[in-house]
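This report concerns only the one structure given below.
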Amino acid sequence: MFQYDFMQHAFIAGTLIAMMCGVIGVFIIARSLSFIAHTLSHIGFAGAAFSAYAGIDPLLGLLLFTIAGAVGVGQLGVRMYRRDASISVILSLALGLGILFLSLGNIQGNYSRTLLFGSVVGIDMQDIWQIVLITVLVLVVLAVGYRWLKFDSFDQVGAQSAGLPIRLISIGFLLLMAAATSVTVQIVGALLVFALMTVPAAAARFYTQSIFGMILISTLIAVLSVWFGLIAGYYTNAPISFFIVFFNAISYFFGMFFHRVRERRRVLAP
Amino acid sequence: MLRQLQIHQLQVRFNGEQILNDLSFKVAPGELFAIIGPNGAGKSTLLKSILGLIHPQQGDVSILGDHRKVIVGYVPQSRVIDDETPISASDFVSLGQISGFLPWLSRKEKKALNEIMQFTDTKRLANKPIGTLSGGERQRVFLAQALVRKPDLLLLDESTANLDPEAQIQMMELVKNAAKEWGVTALFICHDLQMVGTYADHVLLLSRQGYKTGHPEDILHDRKLMTTVFHGSSSENGTMHHVPTESELPLAGFPQ
(Lines give C-alpha, C1' and ligand atoms only; values in the text may rest on other atoms or scores of the structure.)
Protein backbone atom coordinates (compact mmCIF):
# COMPACT_ATOMS: atom_id res chain seq x y z
CA MET A 1 0.00 0.00 0.00
CA PHE A 2 2.79 2.43 0.90
CA GLN A 3 4.60 1.83 -2.39
CA TYR A 4 2.15 4.26 -3.98
CA ASP A 5 2.92 7.97 -3.66
CA PHE A 6 -0.76 8.84 -3.45
CA MET A 7 -1.21 6.59 -0.40
CA GLN A 8 1.85 8.10 1.31
CA HIS A 9 0.47 11.57 0.64
CA ALA A 10 -2.96 10.52 1.86
CA PHE A 11 -1.54 9.21 5.14
CA ILE A 12 0.55 12.35 5.76
CA ALA A 13 -2.28 14.74 4.90
CA GLY A 14 -4.94 12.68 6.69
CA THR A 15 -2.88 12.36 9.88
CA LEU A 16 -2.16 16.09 10.04
CA ILE A 17 -5.78 17.01 9.43
CA ALA A 18 -7.00 14.47 11.99
CA MET A 19 -4.62 15.89 14.61
CA MET A 20 -5.88 19.40 13.96
CA CYS A 21 -9.55 18.34 13.99
CA GLY A 22 -9.07 16.29 17.17
CA VAL A 23 -7.65 19.27 19.05
CA ILE A 24 -9.95 22.00 17.74
CA GLY A 25 -12.98 19.72 18.09
CA VAL A 26 -12.73 19.69 21.90
CA PHE A 27 -13.25 23.46 21.92
CA ILE A 28 -15.97 23.29 19.23
CA ILE A 29 -17.95 20.89 21.44
CA ALA A 30 -17.30 22.88 24.62
CA ARG A 31 -18.44 26.09 22.91
CA SER A 32 -21.50 24.35 21.37
CA LEU A 33 -20.40 25.32 17.86
CA SER A 34 -20.98 21.96 16.15
CA PHE A 35 -23.56 23.33 13.76
CA ILE A 36 -21.48 26.37 13.01
CA ALA A 37 -18.69 23.96 11.99
CA HIS A 38 -21.22 22.22 9.75
CA THR A 39 -22.29 25.54 8.23
CA LEU A 40 -18.68 26.63 7.67
CA SER A 41 -18.01 23.43 5.74
CA HIS A 42 -20.95 24.23 3.45
CA ILE A 43 -19.67 27.77 3.03
CA GLY A 44 -16.37 26.10 2.16
CA PHE A 45 -18.15 24.07 -0.51
CA ALA A 46 -19.42 27.31 -2.07
CA GLY A 47 -15.86 28.68 -1.88
CA ALA A 48 -14.34 25.66 -3.59
CA ALA A 49 -17.03 25.78 -6.30
CA PHE A 50 -16.28 29.46 -6.78
CA SER A 51 -12.55 28.64 -7.16
CA ALA A 52 -13.36 26.14 -9.89
CA TYR A 53 -15.57 28.70 -11.64
CA ALA A 54 -13.03 31.54 -11.27
CA GLY A 55 -10.06 29.31 -12.08
CA ILE A 56 -8.15 29.99 -8.84
CA ASP A 57 -6.54 27.65 -6.30
CA PRO A 58 -9.30 25.70 -4.44
CA LEU A 59 -7.71 26.39 -1.04
CA LEU A 60 -7.78 30.12 -1.75
CA GLY A 61 -11.51 30.05 -2.53
CA LEU A 62 -12.18 27.87 0.52
CA LEU A 63 -10.24 30.21 2.80
CA LEU A 64 -11.87 33.34 1.33
CA PHE A 65 -15.40 32.03 1.83
CA THR A 66 -14.94 30.36 5.23
CA ILE A 67 -13.06 33.37 6.67
CA ALA A 68 -15.79 35.70 5.38
CA GLY A 69 -18.33 33.31 6.94
CA ALA A 70 -16.45 33.29 10.27
CA VAL A 71 -16.22 37.08 10.36
CA GLY A 72 -19.94 37.26 9.50
CA VAL A 73 -20.83 34.91 12.34
CA GLY A 74 -18.56 36.92 14.68
CA GLN A 75 -20.27 40.17 13.73
CA LEU A 76 -23.74 38.69 13.97
CA GLY A 77 -22.90 37.27 17.38
CA VAL A 78 -22.48 33.56 17.93
CA ARG A 79 -25.53 33.38 20.18
CA MET A 80 -27.83 34.79 17.51
CA TYR A 81 -26.22 32.69 14.82
CA ARG A 82 -26.74 29.49 16.79
CA ARG A 83 -30.49 29.87 16.27
CA ASP A 84 -31.94 27.15 14.10
CA ALA A 85 -33.43 29.54 11.59
CA SER A 86 -30.18 31.45 11.01
CA ILE A 87 -28.25 28.23 10.52
CA SER A 88 -30.72 26.81 8.02
CA VAL A 89 -30.80 30.05 6.01
CA ILE A 90 -26.99 30.43 5.78
CA LEU A 91 -26.41 26.70 5.22
CA SER A 92 -28.90 26.45 2.39
CA LEU A 93 -27.68 29.72 0.86
CA ALA A 94 -24.11 28.36 0.86
CA LEU A 95 -25.22 25.11 -0.79
CA GLY A 96 -27.23 27.06 -3.35
CA LEU A 97 -24.26 29.29 -4.16
CA GLY A 98 -22.04 26.23 -4.53
CA ILE A 99 -24.47 24.68 -7.01
CA LEU A 100 -24.71 27.98 -8.89
CA PHE A 101 -20.91 28.30 -9.26
CA LEU A 102 -20.61 24.66 -10.36
CA SER A 103 -23.29 25.27 -12.96
CA LEU A 104 -21.84 28.61 -14.16
CA GLY A 105 -18.39 27.05 -14.50
CA ASN A 106 -19.80 24.03 -16.27
CA ILE A 107 -17.95 21.86 -13.75
CA GLN A 108 -18.05 18.11 -14.20
CA GLY A 109 -19.84 15.77 -11.79
CA ASN A 110 -16.59 14.22 -10.54
CA TYR A 111 -15.37 17.50 -9.12
CA SER A 112 -18.71 18.14 -7.38
CA ARG A 113 -18.54 14.69 -5.81
CA THR A 114 -14.99 15.37 -4.63
CA LEU A 115 -16.06 18.64 -3.02
CA LEU A 116 -18.99 17.05 -1.23
CA PHE A 117 -17.50 13.69 -0.28
CA GLY A 118 -13.75 14.33 -0.39
CA SER A 119 -10.88 12.60 -2.13
CA VAL A 120 -7.46 11.47 -1.05
CA VAL A 121 -6.30 10.23 -4.41
CA GLY A 122 -5.33 13.54 -5.93
CA ILE A 123 -3.19 14.93 -3.09
CA ASP A 124 0.18 16.13 -4.37
CA MET A 125 3.20 17.54 -2.54
CA GLN A 126 1.97 21.11 -2.97
CA ASP A 127 -1.29 20.20 -1.21
CA ILE A 128 0.69 18.55 1.57
CA TRP A 129 2.78 21.66 2.14
CA GLN A 130 -0.39 23.76 2.28
CA ILE A 131 -1.88 21.34 4.80
CA VAL A 132 1.34 21.32 6.88
CA LEU A 133 1.38 25.12 6.92
CA ILE A 134 -2.24 25.53 7.99
CA THR A 135 -2.15 22.66 10.50
CA VAL A 136 0.99 24.02 12.17
CA LEU A 137 -0.49 27.53 12.20
CA VAL A 138 -3.76 26.35 13.78
CA LEU A 139 -2.02 24.15 16.37
CA VAL A 140 0.50 26.86 17.33
CA VAL A 141 -2.25 29.47 17.80
CA LEU A 142 -4.28 26.96 19.84
CA ALA A 143 -1.23 26.19 22.01
CA VAL A 144 -0.38 29.86 22.58
CA GLY A 145 -3.98 30.83 23.36
CA TYR A 146 -4.73 27.55 25.14
CA ARG A 147 -5.38 28.92 28.64
CA TRP A 148 -7.60 31.78 27.52
CA LEU A 149 -9.49 29.63 25.05
CA LYS A 150 -9.93 26.84 27.60
CA PHE A 151 -11.28 29.25 30.22
CA ASP A 152 -13.66 30.95 27.77
CA SER A 153 -14.85 27.63 26.30
CA PHE A 154 -15.57 25.84 29.58
CA ASP A 155 -16.61 28.79 31.78
CA GLN A 156 -17.48 31.95 29.91
CA VAL A 157 -18.83 33.73 33.01
CA GLY A 158 -15.54 33.16 34.81
CA ALA A 159 -13.47 34.18 31.77
CA GLN A 160 -15.41 37.40 31.30
CA SER A 161 -15.14 38.36 34.95
CA ALA A 162 -11.40 37.61 34.91
CA GLY A 163 -11.11 40.32 32.27
CA LEU A 164 -10.38 38.10 29.27
CA PRO A 165 -11.26 39.64 25.87
CA ILE A 166 -14.04 37.15 25.15
CA ARG A 167 -15.17 38.76 21.89
CA LEU A 168 -11.65 38.64 20.50
CA ILE A 169 -11.30 35.02 21.63
CA SER A 170 -14.63 34.16 19.99
CA ILE A 171 -13.76 35.74 16.63
CA GLY A 172 -10.19 34.35 16.75
CA PHE A 173 -11.55 30.86 17.34
CA LEU A 174 -14.04 31.18 14.46
CA LEU A 175 -11.14 32.16 12.17
CA LEU A 176 -9.19 29.08 13.29
CA MET A 177 -12.28 26.97 12.57
CA ALA A 178 -12.46 28.55 9.11
CA ALA A 179 -8.82 27.69 8.37
CA ALA A 180 -9.21 24.14 9.72
CA THR A 181 -12.42 23.61 7.71
CA SER A 182 -10.76 24.83 4.50
CA VAL A 183 -8.05 22.19 4.54
CA THR A 184 -10.28 19.42 5.87
CA VAL A 185 -12.95 19.90 3.16
CA GLN A 186 -10.36 18.92 0.55
CA ILE A 187 -9.82 15.52 2.16
CA VAL A 188 -13.10 14.38 3.70
CA GLY A 189 -15.46 16.62 1.73
CA ALA A 190 -17.87 19.36 2.81
CA LEU A 191 -20.51 16.94 4.08
CA LEU A 192 -18.23 15.04 6.46
CA VAL A 193 -15.94 17.74 7.90
CA PHE A 194 -18.51 17.98 10.63
CA ALA A 195 -17.94 14.33 11.53
CA LEU A 196 -14.16 14.57 11.83
CA MET A 197 -14.30 17.86 13.73
CA THR A 198 -16.95 17.03 16.28
CA VAL A 199 -17.47 13.27 16.73
CA PRO A 200 -13.98 12.38 18.11
CA ALA A 201 -14.22 15.28 20.59
CA ALA A 202 -17.78 14.34 21.57
CA ALA A 203 -16.64 10.75 22.11
CA ALA A 204 -13.58 11.84 24.15
CA ARG A 205 -15.89 13.45 26.75
CA PHE A 206 -17.06 9.97 27.72
CA TYR A 207 -13.59 8.65 28.49
CA THR A 208 -12.00 11.33 30.68
CA GLN A 209 -12.74 14.28 32.96
CA SER A 210 -9.57 16.17 32.18
CA ILE A 211 -9.54 18.79 29.41
CA PHE A 212 -6.02 17.87 28.34
CA GLY A 213 -7.05 14.18 28.42
CA MET A 214 -10.00 15.01 26.15
CA ILE A 215 -7.65 16.66 23.67
CA LEU A 216 -5.35 13.62 23.64
CA ILE A 217 -8.18 11.07 23.30
CA SER A 218 -10.02 13.14 20.69
CA THR A 219 -6.82 13.43 18.63
CA LEU A 220 -6.14 9.71 18.98
CA ILE A 221 -9.68 8.77 17.85
CA ALA A 222 -9.49 11.20 14.89
CA VAL A 223 -6.07 9.91 13.75
CA LEU A 224 -7.06 6.24 14.15
CA SER A 225 -10.30 6.86 12.25
CA VAL A 226 -8.40 8.36 9.30
CA TRP A 227 -5.87 5.50 9.27
CA PHE A 228 -8.70 2.97 9.50
CA GLY A 229 -10.54 4.75 6.68
CA LEU A 230 -7.49 4.84 4.42
CA ILE A 231 -6.57 1.17 5.00
CA ALA A 232 -10.13 -0.12 4.72
CA GLY A 233 -10.80 2.08 1.69
CA TYR A 234 -7.63 0.82 -0.03
CA TYR A 235 -8.52 -2.84 0.42
CA THR A 236 -12.26 -2.64 -0.24
CA ASN A 237 -12.51 0.19 -2.77
CA ALA A 238 -15.39 1.57 -0.71
CA PRO A 239 -15.39 5.32 0.11
CA ILE A 240 -12.79 6.28 2.74
CA SER A 241 -15.13 8.87 4.27
CA PHE A 242 -17.60 6.13 5.17
CA PHE A 243 -14.96 4.22 7.15
CA ILE A 244 -13.79 7.41 8.91
CA VAL A 245 -17.31 8.25 10.01
CA PHE A 246 -18.05 4.62 10.92
CA PHE A 247 -14.96 4.41 13.18
CA ASN A 248 -15.84 7.71 14.86
CA ALA A 249 -19.44 6.66 15.41
CA ILE A 250 -18.33 3.36 16.98
CA SER A 251 -15.93 5.26 19.28
CA TYR A 252 -18.79 7.55 20.29
CA PHE A 253 -21.30 4.79 21.07
CA PHE A 254 -18.71 2.66 22.82
CA GLY A 255 -17.77 5.73 24.89
CA MET A 256 -21.40 6.30 25.77
CA PHE A 257 -21.70 2.68 26.94
CA PHE A 258 -18.41 2.92 28.89
CA HIS A 259 -19.60 6.14 30.55
CA ARG A 260 -22.92 4.61 31.58
CA VAL A 261 -21.27 1.56 33.09
CA ARG A 262 -18.82 3.76 35.00
CA GLU A 263 -21.60 6.08 36.23
CA ARG A 264 -23.67 3.10 37.39
CA ARG A 265 -20.67 1.75 39.30
CA ARG A 266 -20.09 5.17 40.83
CA VAL A 267 -23.71 5.47 42.00
CA LEU A 268 -23.73 1.92 43.40
CA ALA A 269 -20.34 2.28 45.10
CA PRO A 270 -20.61 2.30 48.92
CA MET B 1 -2.70 43.71 48.02
CA LEU B 2 -5.51 46.20 47.45
CA ARG B 3 -4.69 49.69 48.68
CA GLN B 4 -8.07 51.23 48.05
CA LEU B 5 -11.34 50.74 46.24
CA GLN B 6 -13.11 53.99 45.65
CA ILE B 7 -16.40 54.55 43.88
CA HIS B 8 -16.82 58.18 42.91
CA GLN B 9 -20.15 59.73 41.86
CA LEU B 10 -21.07 56.63 39.87
CA GLN B 11 -24.05 56.92 37.54
CA VAL B 12 -25.29 54.00 35.51
CA ARG B 13 -28.30 54.11 33.19
CA PHE B 14 -29.67 51.03 31.50
CA ASN B 15 -32.49 51.01 28.92
CA GLY B 16 -33.23 54.62 29.78
CA GLU B 17 -33.58 53.82 33.47
CA GLN B 18 -31.32 55.26 36.15
CA ILE B 19 -29.92 52.26 38.04
CA LEU B 20 -27.15 53.92 40.06
CA ASN B 21 -27.21 57.61 40.82
CA ASP B 22 -24.30 59.59 42.19
CA LEU B 23 -22.98 56.71 44.27
CA SER B 24 -19.75 57.32 46.22
CA PHE B 25 -18.06 55.18 48.84
CA LYS B 26 -14.70 53.71 49.81
CA VAL B 27 -13.70 50.20 50.82
CA ALA B 28 -10.67 49.72 53.04
CA PRO B 29 -8.13 46.96 52.31
CA GLY B 30 -8.82 43.54 53.82
CA GLU B 31 -12.36 44.27 54.91
CA LEU B 32 -15.56 42.34 54.27
CA PHE B 33 -17.99 44.80 52.77
CA ALA B 34 -21.64 43.81 52.41
CA ILE B 35 -24.05 45.26 49.87
CA ILE B 36 -27.70 44.97 50.78
CA GLY B 37 -30.91 46.36 49.34
CA PRO B 38 -34.14 45.40 47.62
CA ASN B 39 -34.31 43.77 44.20
CA GLY B 40 -33.59 46.21 41.39
CA ALA B 41 -31.58 48.54 43.63
CA GLY B 42 -28.53 48.08 41.40
CA LYS B 43 -26.40 45.78 43.59
CA SER B 44 -25.33 43.46 40.74
CA THR B 45 -24.92 46.47 38.42
CA LEU B 46 -22.50 47.93 40.97
CA LEU B 47 -20.43 44.73 41.05
CA LYS B 48 -20.41 44.56 37.25
CA SER B 49 -19.26 48.20 37.11
CA ILE B 50 -16.39 47.34 39.48
CA LEU B 51 -15.53 44.35 37.26
CA GLY B 52 -15.52 46.65 34.23
CA LEU B 53 -18.31 44.72 32.51
CA ILE B 54 -20.59 47.78 32.61
CA HIS B 55 -19.34 51.23 31.69
CA PRO B 56 -20.84 54.02 33.80
CA GLN B 57 -22.28 57.14 32.16
CA GLN B 58 -20.57 59.26 34.79
CA GLY B 59 -18.21 58.84 37.71
CA ASP B 60 -15.51 56.23 38.09
CA VAL B 61 -14.34 53.15 39.88
CA SER B 62 -10.80 53.43 41.14
CA ILE B 63 -9.05 50.25 42.24
CA LEU B 64 -5.54 50.85 43.52
CA GLY B 65 -3.10 48.06 44.26
CA ASP B 66 0.34 47.98 45.82
CA HIS B 67 2.80 47.15 43.07
CA ARG B 68 1.05 45.16 40.39
CA LYS B 69 -2.23 45.20 38.51
CA VAL B 70 -5.08 44.41 40.87
CA ILE B 71 -6.48 40.90 40.41
CA VAL B 72 -10.23 40.61 40.86
CA GLY B 73 -12.01 37.32 41.62
CA TYR B 74 -15.75 36.95 41.04
CA VAL B 75 -18.25 34.38 42.27
CA PRO B 76 -21.72 34.71 40.75
CA GLN B 77 -24.92 33.40 42.34
CA SER B 78 -24.89 30.50 39.95
CA ARG B 79 -23.37 29.47 36.68
CA VAL B 80 -25.17 27.48 34.04
CA ILE B 81 -23.41 24.15 34.41
CA ASP B 82 -24.76 21.34 32.30
CA ASP B 83 -25.08 18.19 34.43
CA GLU B 84 -23.34 16.38 31.58
CA THR B 85 -20.33 18.71 31.81
CA PRO B 86 -17.58 16.16 32.19
CA ILE B 87 -14.66 18.26 33.40
CA SER B 88 -13.34 17.57 36.86
CA ALA B 89 -13.52 20.03 39.75
CA SER B 90 -9.73 20.45 39.76
CA ASP B 91 -9.72 21.27 36.03
CA PHE B 92 -12.53 23.75 36.63
CA VAL B 93 -10.58 25.50 39.41
CA SER B 94 -7.45 25.46 37.26
CA LEU B 95 -9.30 27.36 34.48
CA GLY B 96 -8.64 30.46 36.58
CA GLN B 97 -4.87 30.03 36.17
CA ILE B 98 -4.54 32.16 33.08
CA SER B 99 -1.28 33.97 33.60
CA GLY B 100 1.13 31.36 32.16
CA PHE B 101 1.94 30.94 28.48
CA LEU B 102 2.54 27.20 28.47
CA PRO B 103 -0.47 24.90 27.99
CA TRP B 104 0.54 22.84 31.05
CA LEU B 105 0.80 24.02 34.66
CA SER B 106 4.19 24.85 36.16
CA ARG B 107 5.24 23.30 39.47
CA LYS B 108 4.44 26.59 41.21
CA GLU B 109 0.96 26.67 39.65
CA LYS B 110 0.30 23.05 40.67
CA LYS B 111 1.28 23.94 44.22
CA ALA B 112 -1.04 26.98 44.19
CA LEU B 113 -3.89 24.82 42.86
CA ASN B 114 -3.34 22.21 45.54
CA GLU B 115 -3.16 24.86 48.25
CA ILE B 116 -6.38 26.56 47.20
CA MET B 117 -8.27 23.26 46.91
CA GLN B 118 -7.18 22.34 50.41
CA PHE B 119 -8.16 25.76 51.70
CA THR B 120 -11.66 25.55 50.21
CA ASP B 121 -12.06 21.86 51.15
CA THR B 122 -12.52 20.88 47.51
CA LYS B 123 -9.54 18.53 47.36
CA ARG B 124 -11.79 15.52 47.94
CA LEU B 125 -13.93 16.63 44.95
CA ALA B 126 -10.90 17.09 42.67
CA ASN B 127 -11.62 14.21 40.30
CA LYS B 128 -15.42 14.43 40.32
CA PRO B 129 -17.12 15.92 37.26
CA ILE B 130 -18.35 19.42 38.10
CA GLY B 131 -21.82 18.54 36.77
CA THR B 132 -22.31 15.89 39.46
CA LEU B 133 -21.57 18.15 42.47
CA SER B 134 -24.22 19.52 44.82
CA GLY B 135 -25.05 23.26 44.89
CA GLY B 136 -22.89 23.87 47.96
CA GLU B 137 -19.95 21.91 46.55
CA ARG B 138 -20.18 23.78 43.25
CA GLN B 139 -20.16 27.15 44.99
CA ARG B 140 -17.02 26.14 46.87
CA VAL B 141 -15.42 25.08 43.57
CA PHE B 142 -16.41 28.46 42.03
CA LEU B 143 -14.91 30.22 45.05
CA ALA B 144 -11.72 28.15 44.68
CA GLN B 145 -11.50 29.20 41.01
CA ALA B 146 -11.90 32.87 41.99
CA LEU B 147 -9.21 32.50 44.69
CA VAL B 148 -6.68 30.48 42.69
CA ARG B 149 -5.04 33.60 41.26
CA LYS B 150 -4.77 35.05 44.79
CA PRO B 151 -7.02 38.01 44.03
CA ASP B 152 -6.68 41.33 45.79
CA LEU B 153 -10.40 41.93 45.50
CA LEU B 154 -13.14 39.30 45.68
CA LEU B 155 -16.67 40.03 44.49
CA LEU B 156 -19.49 37.68 45.51
CA ASP B 157 -22.83 38.26 43.81
CA GLU B 158 -25.42 36.51 46.00
CA SER B 159 -23.13 33.50 45.97
CA THR B 160 -24.71 32.02 49.10
CA ALA B 161 -28.32 32.62 47.98
CA ASN B 162 -29.16 29.06 46.94
CA LEU B 163 -27.36 27.31 49.76
CA ASP B 164 -28.70 25.80 52.97
CA PRO B 165 -27.79 27.67 56.20
CA GLU B 166 -24.84 25.40 57.00
CA ALA B 167 -23.35 25.74 53.52
CA GLN B 168 -23.88 29.54 53.69
CA ILE B 169 -21.87 29.70 56.91
CA GLN B 170 -19.13 27.49 55.42
CA MET B 171 -18.85 29.81 52.39
CA MET B 172 -18.71 32.96 54.48
CA GLU B 173 -16.13 31.42 56.83
CA LEU B 174 -13.94 30.68 53.80
CA VAL B 175 -14.27 34.27 52.59
CA LYS B 176 -13.46 35.55 56.09
CA ASN B 177 -10.39 33.30 56.29
CA ALA B 178 -9.22 34.41 52.83
CA ALA B 179 -9.48 38.03 54.01
CA LYS B 180 -7.57 37.20 57.19
CA GLU B 181 -4.84 35.02 55.66
CA TRP B 182 -4.16 36.77 52.36
CA GLY B 183 -5.57 40.23 52.97
CA VAL B 184 -8.25 39.76 50.29
CA THR B 185 -10.82 42.55 50.27
CA ALA B 186 -14.30 41.11 49.73
CA LEU B 187 -17.50 42.77 48.57
CA PHE B 188 -20.51 40.52 48.93
CA ILE B 189 -24.15 40.95 48.05
CA CYS B 190 -26.27 39.18 50.62
CA HIS B 191 -29.97 38.93 51.42
CA ASP B 192 -29.50 37.31 54.80
CA LEU B 193 -29.19 40.25 57.16
CA GLN B 194 -28.10 38.05 60.06
CA MET B 195 -25.20 36.84 57.94
CA VAL B 196 -24.37 40.47 57.12
CA GLY B 197 -24.43 41.33 60.84
CA THR B 198 -22.09 38.42 61.60
CA TYR B 199 -19.51 38.81 58.84
CA ALA B 200 -19.49 42.35 57.41
CA ASP B 201 -17.10 45.05 58.60
CA HIS B 202 -19.05 47.69 56.69
CA VAL B 203 -22.38 47.75 54.88
CA LEU B 204 -23.70 49.61 51.86
CA LEU B 205 -27.48 49.86 51.90
CA LEU B 206 -28.57 50.56 48.36
CA SER B 207 -31.97 51.52 47.04
CA ARG B 208 -33.37 53.50 44.11
CA GLN B 209 -34.02 56.38 46.48
CA GLY B 210 -30.46 56.63 47.73
CA TYR B 211 -27.79 54.81 49.69
CA LYS B 212 -26.07 54.73 53.04
CA THR B 213 -22.82 53.20 54.23
CA GLY B 214 -21.79 52.44 57.77
CA HIS B 215 -21.09 49.77 60.35
CA PRO B 216 -23.54 46.85 60.28
CA GLU B 217 -24.95 47.66 63.71
CA ASP B 218 -25.64 51.27 62.67
CA ILE B 219 -27.37 50.31 59.43
CA LEU B 220 -29.16 47.12 60.42
CA HIS B 221 -30.45 48.54 63.72
CA ASP B 222 -31.78 51.67 62.09
CA ARG B 223 -35.36 50.40 61.92
CA LYS B 224 -36.73 53.53 60.29
CA LEU B 225 -34.15 53.41 57.53
CA MET B 226 -34.52 49.68 56.93
CA THR B 227 -38.30 49.84 56.82
CA THR B 228 -38.23 52.80 54.48
CA VAL B 229 -35.88 51.04 52.10
CA PHE B 230 -37.47 47.63 52.16
CA HIS B 231 -41.15 48.61 52.65
CA GLY B 232 -41.08 52.00 51.00
CA SER B 233 -42.70 53.61 54.12
CA SER B 234 -41.49 54.60 57.54
CA SER B 235 -42.23 52.68 60.72
CA GLU B 236 -40.88 52.78 64.23
CA ASN B 237 -41.66 49.14 65.07
CA GLY B 238 -39.46 46.06 65.07
CA THR B 239 -35.88 45.12 65.89
CA MET B 240 -33.09 43.93 63.61
CA HIS B 241 -34.21 40.31 63.85
CA HIS B 242 -37.67 41.35 62.75
CA VAL B 243 -36.40 43.13 59.71
CA PRO B 244 -37.62 40.83 56.96
CA THR B 245 -35.18 39.26 54.52
CA GLU B 246 -35.54 40.32 50.92
CA SER B 247 -37.45 37.23 49.88
CA GLU B 248 -40.16 38.08 52.43
CA LEU B 249 -40.54 41.65 51.29
CA PRO B 250 -43.14 42.99 48.92
CA LEU B 251 -41.34 43.61 45.66
CA ALA B 252 -43.93 45.85 44.00
CA GLY B 253 -42.41 49.09 42.86
CA PHE B 254 -38.91 47.65 42.54
CA PRO B 255 -37.98 46.76 39.01
CA GLN B 256 -36.63 43.22 38.52
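Going by the C-alpha coordinates order, chains are called A, B, ..., each with residues numbered from 1, while ligands are numbered from 1 in the order shown.
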request  = Write out as a VMD selection string every residue belonging to chain B that has an atom at most 10 Å from any atom of chain A, counting only C-alpha atoms.
outcome  = chain B and resid 48 51 to 53 71 to 76 78 to 81 84 to 105 127 to 130 142 145 to 146 149 155
ask   = Got a sec: who's within 12 Å of stretch 4-7 of chain B, counting only C-alpha atoms, leaving out chain neighbours fewer than 6 positions off, as a ChimeraX atom specification?
value = /B:20-31,33,46-47,49-51,56,58-66,70,72,152-154,184-187,204
key: Backbone DSSP call of alpha helix (DSSP H) for stretch 53-218 of chain B, listed as a VMD selection string   = chain B and resid 89 to 94 107 to 119 135 to 147 165 to 182 193 to 199 216 to 218
key: Picked from stretch 41-190 of chain B by DSSP as strand (DSSP E or B), as number ranges by chain   = B: 58-65, 72-75, 88, 129, 153-157, 185-189
ask   = Which is closest to B:Gln170 among B:Arg223, B:Arg140, B:Lys150, B:Arg3, if we use only C-alpha atoms?
value =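 Using only C-alpha atoms, the shortest distance to B:Gln170 belongs to B:Arg140.
Neighbouring residues of stretch 62-67 of chain A at 7 Å or closer, counting only C-alpha atoms and skipping chain neighbours under 4 positions away, are Leu40, Ile43, Gly44, Gly47, Ala48, Pro58, Val71, Leu175, Ala178, Ala179 and Ser182 of chain A.
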ask   = In Å, with one decimal, what is the gap from atom CA of A:Ile250 to atom CA of A:Thr135?
value =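 Distance between the two atoms: 26.0 Å.
The gap separating atom CA of B:Leu220 from atom CA of B:Leu32 is 15.7 Å, in Å to one decimal.
Interatomic distance, atom CA of B:Ile116 to atom CA of B:Leu174: 10.8 Å.
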